[in-house]
Every structure is written in structure tokens, then in C-alpha cells.
>>> print(open('structure12.txt').read())   # compact mmCIF, N, CA and C atoms
# COMPACT_ATOMS: atom_id res chain seq x y z
N MET U 1 6.98 134.32 45.68
CA MET U 1 6.69 134.98 46.94
C MET U 1 7.98 135.08 47.74
N ARG U 2 8.25 136.27 48.25
CA ARG U 2 9.44 136.50 49.09
C ARG U 2 9.05 136.32 50.54
N ALA U 3 9.78 135.47 51.25
CA ALA U 3 9.44 135.14 52.63
C ALA U 3 10.63 135.35 53.55
N VAL U 4 10.30 135.64 54.81
CA VAL U 4 11.30 135.69 55.87
C VAL U 4 10.82 134.79 57.00
N LEU U 5 11.78 134.30 57.76
CA LEU U 5 11.52 133.40 58.87
C LEU U 5 12.40 133.83 60.02
N ILE U 6 11.83 133.87 61.23
CA ILE U 6 12.66 134.11 62.41
C ILE U 6 12.27 133.14 63.51
N ASP U 7 13.32 132.54 64.09
CA ASP U 7 13.18 131.65 65.23
C ASP U 7 14.51 131.69 65.97
N ASP U 8 14.48 131.90 67.26
CA ASP U 8 15.74 132.01 68.01
C ASP U 8 16.38 130.67 68.33
N ASP U 9 15.67 129.59 68.09
CA ASP U 9 16.22 128.25 68.30
C ASP U 9 16.84 127.75 67.00
N ALA U 10 18.14 127.52 67.01
CA ALA U 10 18.87 127.17 65.79
C ALA U 10 18.34 125.91 65.11
N LEU U 11 18.04 124.88 65.89
CA LEU U 11 17.54 123.64 65.31
C LEU U 11 16.16 123.84 64.69
N CYS U 12 15.27 124.52 65.39
CA CYS U 12 13.94 124.81 64.84
C CYS U 12 14.05 125.64 63.58
N LEU U 13 14.92 126.63 63.61
CA LEU U 13 15.12 127.50 62.44
C LEU U 13 15.55 126.67 61.23
N GLU U 14 16.47 125.77 61.44
CA GLU U 14 16.96 124.93 60.34
C GLU U 14 15.84 124.03 59.78
N ILE U 15 15.09 123.42 60.67
CA ILE U 15 13.99 122.54 60.24
C ILE U 15 12.92 123.34 59.50
N GLU U 16 12.52 124.47 60.07
CA GLU U 16 11.49 125.30 59.46
C GLU U 16 11.95 125.85 58.10
N ALA U 17 13.20 126.26 58.02
CA ALA U 17 13.74 126.78 56.75
C ALA U 17 13.71 125.69 55.68
N THR U 18 14.05 124.47 56.05
CA THR U 18 14.03 123.36 55.10
C THR U 18 12.61 123.13 54.59
N VAL U 19 11.65 123.14 55.49
CA VAL U 19 10.24 122.97 55.09
C VAL U 19 9.84 124.08 54.12
N LEU U 20 10.13 125.33 54.49
CA LEU U 20 9.71 126.46 53.66
C LEU U 20 10.39 126.47 52.29
N GLN U 21 11.65 126.05 52.24
CA GLN U 21 12.36 126.01 50.96
C GLN U 21 11.76 124.98 50.01
N ASN U 22 11.05 124.02 50.53
CA ASN U 22 10.41 122.99 49.70
C ASN U 22 8.99 123.35 49.28
N VAL U 23 8.50 124.49 49.71
CA VAL U 23 7.16 124.94 49.33
C VAL U 23 7.27 125.71 48.02
N GLU U 24 6.59 125.23 47.00
CA GLU U 24 6.71 125.80 45.66
C GLU U 24 6.30 127.27 45.58
N MET U 25 5.38 127.69 46.42
CA MET U 25 4.89 129.08 46.37
C MET U 25 5.94 130.08 46.85
N ILE U 26 6.96 129.61 47.56
CA ILE U 26 8.00 130.48 48.10
C ILE U 26 9.18 130.48 47.13
N ASP U 27 9.44 131.65 46.54
CA ASP U 27 10.53 131.80 45.58
C ASP U 27 11.85 132.14 46.27
N GLU U 28 11.75 132.87 47.36
CA GLU U 28 12.95 133.36 48.04
C GLU U 28 12.69 133.35 49.54
N LEU U 29 13.65 132.82 50.30
CA LEU U 29 13.51 132.74 51.75
C LEU U 29 14.78 133.25 52.42
N HIS U 30 14.58 134.10 53.42
CA HIS U 30 15.69 134.57 54.25
C HIS U 30 15.33 134.22 55.69
N ALA U 31 16.22 133.47 56.34
CA ALA U 31 15.97 133.00 57.71
C ALA U 31 16.88 133.73 58.69
N PHE U 32 16.32 134.04 59.85
CA PHE U 32 17.06 134.80 60.86
C PHE U 32 16.89 134.18 62.23
N GLN U 33 17.98 134.20 62.99
CA GLN U 33 17.94 133.79 64.39
C GLN U 33 17.97 135.02 65.29
N SER U 34 18.45 136.13 64.75
CA SER U 34 18.61 137.38 65.49
C SER U 34 17.49 138.36 65.15
N VAL U 35 16.86 138.92 66.17
CA VAL U 35 15.82 139.93 65.97
C VAL U 35 16.40 141.16 65.28
N ASN U 36 17.59 141.59 65.70
CA ASN U 36 18.20 142.78 65.10
C ASN U 36 18.47 142.58 63.62
N ASP U 37 18.97 141.41 63.23
CA ASP U 37 19.22 141.13 61.82
C ASP U 37 17.91 141.11 61.04
N PHE U 38 16.88 140.54 61.64
CA PHE U 38 15.56 140.48 61.01
C PHE U 38 15.02 141.89 60.76
N ILE U 39 15.05 142.74 61.78
CA ILE U 39 14.56 144.12 61.65
C ILE U 39 15.36 144.88 60.60
N SER U 40 16.67 144.74 60.61
CA SER U 40 17.51 145.42 59.61
C SER U 40 17.11 145.00 58.20
N TYR U 41 16.87 143.71 58.02
CA TYR U 41 16.51 143.20 56.70
C TYR U 41 15.17 143.75 56.23
N ILE U 42 14.15 143.70 57.09
CA ILE U 42 12.82 144.14 56.65
C ILE U 42 12.74 145.66 56.47
N CYS U 43 13.68 146.38 57.05
CA CYS U 43 13.75 147.82 56.82
C CYS U 43 14.30 148.14 55.42
N GLU U 44 15.04 147.20 54.87
CA GLU U 44 15.68 147.41 53.57
C GLU U 44 15.01 146.67 52.42
N GLU U 45 14.43 145.53 52.69
CA GLU U 45 13.91 144.65 51.64
C GLU U 45 12.42 144.40 51.80
N GLN U 46 11.71 144.45 50.70
CA GLN U 46 10.26 144.17 50.70
C GLN U 46 10.04 142.66 50.76
N VAL U 47 9.13 142.22 51.62
CA VAL U 47 8.78 140.80 51.72
C VAL U 47 7.26 140.64 51.64
N ASP U 48 6.84 139.48 51.18
CA ASP U 48 5.41 139.20 51.03
C ASP U 48 4.82 138.54 52.26
N VAL U 49 5.61 137.68 52.90
CA VAL U 49 5.10 136.92 54.04
C VAL U 49 6.22 136.70 55.04
N ALA U 50 5.85 136.76 56.33
CA ALA U 50 6.81 136.54 57.41
C ALA U 50 6.30 135.41 58.30
N PHE U 51 7.18 134.47 58.57
CA PHE U 51 6.90 133.37 59.50
C PHE U 51 7.62 133.71 60.80
N LEU U 52 6.84 133.96 61.85
CA LEU U 52 7.40 134.43 63.12
C LEU U 52 7.16 133.45 64.24
N ASP U 53 8.25 133.11 64.93
CA ASP U 53 8.11 132.34 66.17
C ASP U 53 7.48 133.28 67.19
N ILE U 54 6.65 132.77 68.05
CA ILE U 54 6.01 133.63 69.03
C ILE U 54 6.86 133.80 70.28
N LEU U 55 7.44 132.72 70.78
CA LEU U 55 8.23 132.79 72.01
C LEU U 55 9.72 132.76 71.68
N MET U 56 10.37 133.90 71.87
CA MET U 56 11.81 134.00 71.64
C MET U 56 12.45 134.66 72.85
N ASP U 57 13.74 134.43 73.03
CA ASP U 57 14.43 135.01 74.18
C ASP U 57 14.53 136.53 74.10
N ASP U 58 14.83 137.05 72.89
CA ASP U 58 15.07 138.49 72.74
C ASP U 58 13.83 139.31 72.47
N ALA U 59 12.74 138.67 72.06
CA ALA U 59 11.51 139.39 71.72
C ALA U 59 10.35 138.42 71.68
N ASP U 60 9.16 138.96 71.71
CA ASP U 60 8.02 138.07 71.50
C ASP U 60 7.48 138.33 70.09
N GLY U 61 6.98 137.30 69.48
CA GLY U 61 6.53 137.38 68.10
C GLY U 61 5.38 138.35 67.88
N ILE U 62 4.54 138.54 68.89
CA ILE U 62 3.41 139.47 68.75
C ILE U 62 3.94 140.90 68.60
N SER U 63 4.86 141.30 69.45
CA SER U 63 5.45 142.64 69.34
C SER U 63 6.23 142.79 68.04
N LEU U 64 6.91 141.75 67.65
CA LEU U 64 7.66 141.78 66.40
C LEU U 64 6.71 141.93 65.21
N ALA U 65 5.57 141.28 65.28
CA ALA U 65 4.56 141.40 64.21
C ALA U 65 4.06 142.84 64.10
N MET U 66 3.83 143.49 65.23
CA MET U 66 3.36 144.88 65.21
C MET U 66 4.42 145.79 64.58
N GLU U 67 5.68 145.53 64.90
CA GLU U 67 6.77 146.32 64.30
C GLU U 67 6.86 146.06 62.80
N LEU U 68 6.74 144.81 62.41
CA LEU U 68 6.77 144.46 60.99
C LEU U 68 5.63 145.15 60.24
N LYS U 69 4.43 145.12 60.79
CA LYS U 69 3.29 145.78 60.15
C LYS U 69 3.48 147.29 60.04
N ARG U 70 4.18 147.87 61.01
CA ARG U 70 4.47 149.30 60.95
C ARG U 70 5.42 149.59 59.78
N ILE U 71 6.41 148.73 59.60
CA ILE U 71 7.41 148.91 58.55
C ILE U 71 6.88 148.51 57.18
N GLN U 72 6.18 147.38 57.14
CA GLN U 72 5.65 146.84 55.88
C GLN U 72 4.19 146.44 56.07
N PRO U 73 3.29 147.39 55.95
CA PRO U 73 1.86 147.12 56.24
C PRO U 73 1.23 146.01 55.40
N LYS U 74 1.73 145.77 54.21
CA LYS U 74 1.13 144.77 53.33
C LYS U 74 1.67 143.36 53.54
N CYS U 75 2.70 143.22 54.35
CA CYS U 75 3.30 141.91 54.59
C CYS U 75 2.32 141.03 55.38
N LYS U 76 2.15 139.82 54.94
CA LYS U 76 1.30 138.85 55.63
C LYS U 76 2.12 138.18 56.73
N ILE U 77 1.48 137.90 57.84
CA ILE U 77 2.18 137.29 58.98
C ILE U 77 1.58 135.93 59.29
N ILE U 78 2.47 134.96 59.40
CA ILE U 78 2.07 133.62 59.82
C ILE U 78 2.91 133.28 61.05
N PHE U 79 2.24 133.00 62.14
CA PHE U 79 2.96 132.64 63.36
C PHE U 79 3.25 131.15 63.37
N VAL U 80 4.40 130.82 63.94
CA VAL U 80 4.82 129.43 64.11
C VAL U 80 5.10 129.25 65.60
N SER U 81 4.43 128.30 66.22
CA SER U 81 4.57 128.15 67.66
C SER U 81 4.45 126.69 68.07
N SER U 82 5.02 126.38 69.20
CA SER U 82 4.88 125.04 69.76
C SER U 82 3.65 124.96 70.67
N SER U 83 2.92 126.07 70.79
CA SER U 83 1.77 126.14 71.69
C SER U 83 0.57 126.79 71.02
N ARG U 84 -0.61 126.26 71.32
CA ARG U 84 -1.86 126.87 70.83
C ARG U 84 -2.23 128.09 71.68
N GLU U 85 -1.57 128.26 72.78
CA GLU U 85 -1.91 129.25 73.80
C GLU U 85 -2.03 130.68 73.26
N PHE U 86 -1.26 131.02 72.23
CA PHE U 86 -1.20 132.40 71.77
C PHE U 86 -2.00 132.66 70.50
N ALA U 87 -2.78 131.68 70.05
CA ALA U 87 -3.50 131.81 68.78
C ALA U 87 -4.45 133.01 68.76
N LEU U 88 -5.24 133.19 69.78
CA LEU U 88 -6.18 134.31 69.82
C LEU U 88 -5.44 135.65 69.75
N GLU U 89 -4.41 135.76 70.55
CA GLU U 89 -3.61 136.99 70.56
C GLU U 89 -2.97 137.23 69.19
N ALA U 90 -2.55 136.17 68.54
CA ALA U 90 -1.92 136.29 67.21
C ALA U 90 -2.89 136.88 66.20
N PHE U 91 -4.11 136.44 66.23
CA PHE U 91 -5.09 136.93 65.25
C PHE U 91 -5.55 138.35 65.57
N GLN U 92 -5.30 138.81 66.78
CA GLN U 92 -5.62 140.21 67.12
C GLN U 92 -4.65 141.18 66.46
N VAL U 93 -3.50 140.69 66.00
CA VAL U 93 -2.57 141.53 65.24
C VAL U 93 -2.65 141.18 63.75
N TYR U 94 -3.83 140.67 63.36
CA TYR U 94 -4.15 140.40 61.96
C TYR U 94 -3.24 139.37 61.31
N ALA U 95 -2.95 138.32 62.02
CA ALA U 95 -2.17 137.22 61.46
C ALA U 95 -2.97 136.56 60.33
N SER U 96 -2.25 136.11 59.33
CA SER U 96 -2.88 135.40 58.21
C SER U 96 -2.88 133.90 58.45
N GLY U 97 -2.16 133.46 59.48
CA GLY U 97 -2.12 132.05 59.79
C GLY U 97 -1.40 131.78 61.09
N TYR U 98 -1.58 130.56 61.58
CA TYR U 98 -0.97 130.12 62.84
C TYR U 98 -0.66 128.64 62.68
N LEU U 99 0.61 128.31 62.65
CA LEU U 99 1.05 126.92 62.46
C LEU U 99 1.71 126.41 63.73
N LEU U 100 1.41 125.17 64.06
CA LEU U 100 2.06 124.53 65.20
C LEU U 100 3.32 123.80 64.73
N LYS U 101 4.35 123.87 65.57
CA LYS U 101 5.59 123.15 65.27
C LYS U 101 5.38 121.68 65.55
N PRO U 102 5.91 120.78 64.79
CA PRO U 102 6.64 121.02 63.54
C PRO U 102 5.66 121.21 62.39
N MET U 103 5.85 122.27 61.62
CA MET U 103 4.95 122.52 60.49
C MET U 103 5.35 121.63 59.31
N THR U 104 4.39 121.40 58.43
CA THR U 104 4.65 120.57 57.26
C THR U 104 4.49 121.41 56.00
N GLU U 105 5.02 120.91 54.90
CA GLU U 105 4.88 121.60 53.61
C GLU U 105 3.41 121.77 53.25
N ASP U 106 2.61 120.73 53.48
CA ASP U 106 1.19 120.81 53.15
C ASP U 106 0.48 121.89 53.97
N GLU U 107 0.81 122.00 55.24
CA GLU U 107 0.19 123.03 56.09
C GLU U 107 0.57 124.43 55.61
N VAL U 108 1.84 124.60 55.28
CA VAL U 108 2.31 125.90 54.79
C VAL U 108 1.61 126.24 53.48
N THR U 109 1.56 125.29 52.57
CA THR U 109 0.91 125.51 51.27
C THR U 109 -0.56 125.88 51.46
N SER U 110 -1.22 125.21 52.36
CA SER U 110 -2.63 125.49 52.64
C SER U 110 -2.82 126.92 53.15
N VAL U 111 -2.01 127.33 54.11
CA VAL U 111 -2.11 128.67 54.66
C VAL U 111 -1.80 129.71 53.59
N LEU U 112 -0.74 129.49 52.81
CA LEU U 112 -0.36 130.45 51.78
C LEU U 112 -1.41 130.54 50.68
N SER U 113 -2.10 129.47 50.41
CA SER U 113 -3.16 129.47 49.38
C SER U 113 -4.34 130.33 49.78
N ASN U 114 -4.49 130.55 51.08
CA ASN U 114 -5.64 131.31 51.59
C ASN U 114 -5.34 132.78 51.83
N ILE U 115 -4.13 133.22 51.52
CA ILE U 115 -3.83 134.65 51.74
C ILE U 115 -3.63 135.39 50.44
>>> encode(input="structure12.txt", output="C-alpha cells")
Amino acid sequence: MRAVLIDDDALCLEIEATVLQNVEMIDELHAFQSVNDFISYICEEQVDVAFLDILMDDADGISLAMELKRIQPKCKIIFVSSSREFALEAFQVYASGYLLKPMTEDEVTSVLSNI
């Protein structure tokens, strides 16, 4: 499974990338801190699943999910957030999952097994 991850917080991005790299179902992972780099990548490369932070300085994850679905309609979206506050809104853009930070390998595996 080809995955992408975006989080504007460098430390969170590093921790989340480490967790995702240890998930056996993920064959390839590309992590981004920049929204522009993320958009450029998904315009060029097909991905199976995207892990999106919801609250970022340059963009919000909900809007980014809508853009991703426009570019790659079949891509599954899993939101990663430090807050439960946006869960309902996340599922309104057809999210396949919602993980609270810090996510674990078991949580990721469970969500990926259901999509």
C-alpha cells in the first residue's frame, strides 16, 4: 500500500512517520510538512491512503481532503488529530478513519484492515 502523510509539526511528523513505517501493510510512505509539496506529489503520483493532520498553519485537513479526493477520488483518507472535536466533520468528507495523536501501530493496522 502506498501512503502519504502530512503534518506541519516537524516532531509530530517524525513520530507519525516512524509509526507508519513500522506498519506491515504500508509498503511505501512519503511524508510532507509542506502543503505545496504534498499537493505537487499527489498530482504526480498515485497513492492508496493519505494520513492528514486536521489542524495545520497553512491549511486545514478537511479542505486538503476535499482537494485530494478531487485529484485522486479512490484514495482513502485517514485523519490524524490531537482533538476529537473534528471527527464528525471528518466523516462528512468520507474519511476512512480518524486517529488521535499519538497513534499506535495497532490502531493504524486496525483502521487499514477495515478499508
>>> atom_distance(input="structure12.txt", atom1="atom CA of U:Ser96", atom2="atom CA of U:Ile115")
6.6 Å
>>> atom_distance(input="structure12.txt", atom1="atom CA of U:Cys43", atom2="atom C of U:Asp7")
18.6 Å
>>> residues_around(input="structure12.txt", residues="U:Met1", least_positions_apart="3", cutoff="10 Å", atoms="only C-alpha atoms", output="PyMOL selection string")
chain U and resi 24-29+47-49+112
>>> atom_distance(input="structure12.txt", atom1="atom CA of U:Ala31", atom2="atom CA of U:Glu85")
24.3 Å
>>> select_by_dssp(input="structure12.txt", residues="stretch 22-82 of chain U", states="strand (DSSP E)", output="list in words")
Glu28, Leu29, His30, Ala31, Phe32, Val49, Ala50, Phe51, Leu52, Asp53, Lys76, Ile77, Ile78, Phe79, Val80 and Ser81 of chain U
>>> residues_around(input="structure12.txt", residues="U:Ser110", least_positions_apart="3", cutoff="12 Å", atoms="only C-alpha atoms", output="list in words")
Val23, Glu24, Met25, Ile78, Ser96, Gly97, Tyr98, Leu99, Met103, Thr104, Glu105, Asp106, Glu107, Ser113, Asn114 and Ile115 of chain U
>>> residues_around(input="structure12.txt", residues="U:Asp9", least_positions_apart="5", cutoff="10 Å", atoms="only C-alpha atoms", output="VMD selection string")
chain U and resid 14 32 to 34 53 55 to 57
>>> closest_residue(input="structure12.txt", among="U:Gly61, U:Ala95, U:Lys69, U:Leu52", to="U:Ser81", atoms="all atoms listed in the file")
U:Leu52
>>> select_by_dssp(input="structure12.txt", residues="stretch 53-105 of chain U", states="helix (DSSP H, G or I)", output="PyMOL selection string")
chain U and resi 61-71+84-92+105
>>> write_last_selection(input="structure12.txt", atoms="N, CA and C atoms", output="PDB file, keeping the file's coordinate frame")
ATOM      1  N   GLY U  61       6.980 137.300  69.480  1.00  0.00           N
ATOM      2  CA  GLY U  61       6.530 137.380  68.100  1.00  0.00           C
ATOM      3  C   GLY U  61       5.380 138.350  67.880  1.00  0.00           C
ATOM      4  N   ILE U  62       4.540 138.540  68.890  1.00  0.00           N
ATOM      5  CA  ILE U  62       3.410 139.470  68.750  1.00  0.00           C
ATOM      6  C   ILE U  62       3.940 140.900  68.600  1.00  0.00           C
ATOM      7  N   SER U  63       4.860 141.300  69.450  1.00  0.00           N
ATOM      8  CA  SER U  63       5.450 142.640  69.340  1.00  0.00           C
ATOM      9  C   SER U  63       6.230 142.790  68.040  1.00  0.00           C
ATOM     10  N   LEU U  64       6.910 141.750  67.650  1.00  0.00           N
ATOM     11  CA  LEU U  64       7.660 141.780  66.400  1.00  0.00           C
ATOM     12  C   LEU U  64       6.710 141.930  65.210  1.00  0.00           C
ATOM     13  N   ALA U  65       5.570 141.280  65.280  1.00  0.00           N
ATOM     14  CA  ALA U  65       4.560 141.400  64.210  1.00  0.00           C
ATOM     15  C   ALA U  65       4.060 142.840  64.100  1.00  0.00           C
ATOM     16  N   MET U  66       3.830 143.490  65.230  1.00  0.00           N
ATOM     17  CA  MET U  66       3.360 144.880  65.210  1.00  0.00           C
ATOM     18  C   MET U  66       4.420 145.790  64.580  1.00  0.00           C
ATOM     19  N   GLU U  67       5.680 145.530  64.900  1.00  0.00           N
ATOM     20  CA  GLU U  67       6.770 146.320  64.300  1.00  0.00           C
ATOM     21  C   GLU U  67       6.860 146.060  62.800  1.00  0.00           C
ATOM     22  N   LEU U  68       6.740 144.810  62.410  1.00  0.00           N
ATOM     23  CA  LEU U  68       6.770 144.460  60.990  1.00  0.00           C
ATOM     24  C   LEU U  68       5.630 145.150  60.240  1.00  0.00           C
ATOM     25  N   LYS U  69       4.430 145.120  60.790  1.00  0.00           N
ATOM     26  CA  LYS U  69       3.290 145.780  60.150  1.00  0.00           C
ATOM     27  C   LYS U  69       3.480 147.290  60.040  1.00  0.00           C
ATOM     28  N   ARG U  70       4.180 147.870  61.010  1.00  0.00           N
ATOM     29  CA  ARG U  70       4.470 149.300  60.950  1.00  0.00           C
ATOM     30  C   ARG U  70       5.420 149.590  59.780  1.00  0.00           C
ATOM     31  N   ILE U  71       6.410 148.730  59.600  1.00  0.00           N
ATOM     32  CA  ILE U  71       7.410 148.910  58.550  1.00  0.00           C
ATOM     33  C   ILE U  71       6.880 148.510  57.180  1.00  0.00           C
ATOM     34  N   ARG U  84      -0.610 126.260  71.320  1.00  0.00           N
ATOM     35  CA  ARG U  84      -1.860 126.870  70.830  1.00  0.00           C
ATOM     36  C   ARG U  84      -2.230 128.090  71.680  1.00  0.00           C
ATOM     37  N   GLU U  85      -1.570 128.260  72.780  1.00  0.00           N
ATOM     38  CA  GLU U  85      -1.910 129.250  73.800  1.00  0.00           C
ATOM     39  C   GLU U  85      -2.030 130.680  73.260  1.00  0.00           C
ATOM     40  N   PHE U  86      -1.260 131.020  72.230  1.00  0.00           N
ATOM     41  CA  PHE U  86      -1.200 132.400  71.770  1.00  0.00           C
ATOM     42  C   PHE U  86      -2.000 132.660  70.500  1.00  0.00           C
ATOM     43  N   ALA U  87      -2.780 131.680  70.050  1.00  0.00           N
ATOM     44  CA  ALA U  87      -3.500 131.810  68.780  1.00  0.00           C
ATOM     45  C   ALA U  87      -4.450 133.010  68.760  1.00  0.00           C
ATOM     46  N   LEU U  88      -5.240 133.190  69.780  1.00  0.00           N
ATOM     47  CA  LEU U  88      -6.180 134.310  69.820  1.00  0.00           C
ATOM     48  C   LEU U  88      -5.440 135.650  69.750  1.00  0.00           C
ATOM     49  N   GLU U  89      -4.410 135.760  70.550  1.00  0.00           N
ATOM     50  CA  GLU U  89      -3.610 136.990  70.560  1.00  0.00           C
ATOM     51  C   GLU U  89      -2.970 137.230  69.190  1.00  0.00           C
ATOM     52  N   ALA U  90      -2.550 136.170  68.540  1.00  0.00           N
ATOM     53  CA  ALA U  90      -1.920 136.290  67.210  1.00  0.00           C
ATOM     54  C   ALA U  90      -2.890 136.880  66.200  1.00  0.00           C
ATOM     55  N   PHE U  91      -4.110 136.440  66.230  1.00  0.00           N
ATOM     56  CA  PHE U  91      -5.090 136.930  65.250  1.00  0.00           C
ATOM     57  C   PHE U  91      -5.550 138.350  65.570  1.00  0.00           C
ATOM     58  N   GLN U  92      -5.300 138.810  66.780  1.00  0.00           N
ATOM     59  CA  GLN U  92      -5.620 140.210  67.120  1.00  0.00           C
ATOM     60  C   GLN U  92      -4.650 141.180  66.460  1.00  0.00           C
ATOM     61  N   GLU U 105       5.020 120.910  54.900  1.00  0.00           N
ATOM     62  CA  GLU U 105       4.880 121.600  53.610  1.00  0.00           C
ATOM     63  C   GLU U 105       3.410 121.770  53.250  1.00  0.00           C
TER      64      GLU U 105
END
>>> closest_residue(input="structure12.txt", among="U:Phe91, U:Phe86, U:Phe38, U:Phe51", to="U:Ala3", atoms="only C-alpha atoms")
U:Phe51
>>> axis_aligned_box(input="structure12.txt", around="stretch 23-42 of chain U", padding_each_side="6 Å", output="JSON")
{"center_x": 12.1, "center_y": 135.1, "center_z": 55.9, "size_x": 26.3, "size_y": 33.2, "size_z": 32.6}
>>> closest_residue(input="structure12.txt", among="U:Gln21, U:Ile54, U:Ser63, U:Ile71", to="U:Ser40", atoms="only C-alpha atoms")
U:Ile71
>>> closest_residue(input="structure12.txt", among="U:Val80, U:Ile42, U:Ile15, U:Ile6", to="U:His30", atoms="only N, CA and C atoms")
U:Ile6
>>> closest_residue(input="structure12.txt", among="U:Leu64, U:Glu44, U:Thr109, U:Asn36", to="U:Ala90", atoms="only C-alpha atoms")
U:Leu64
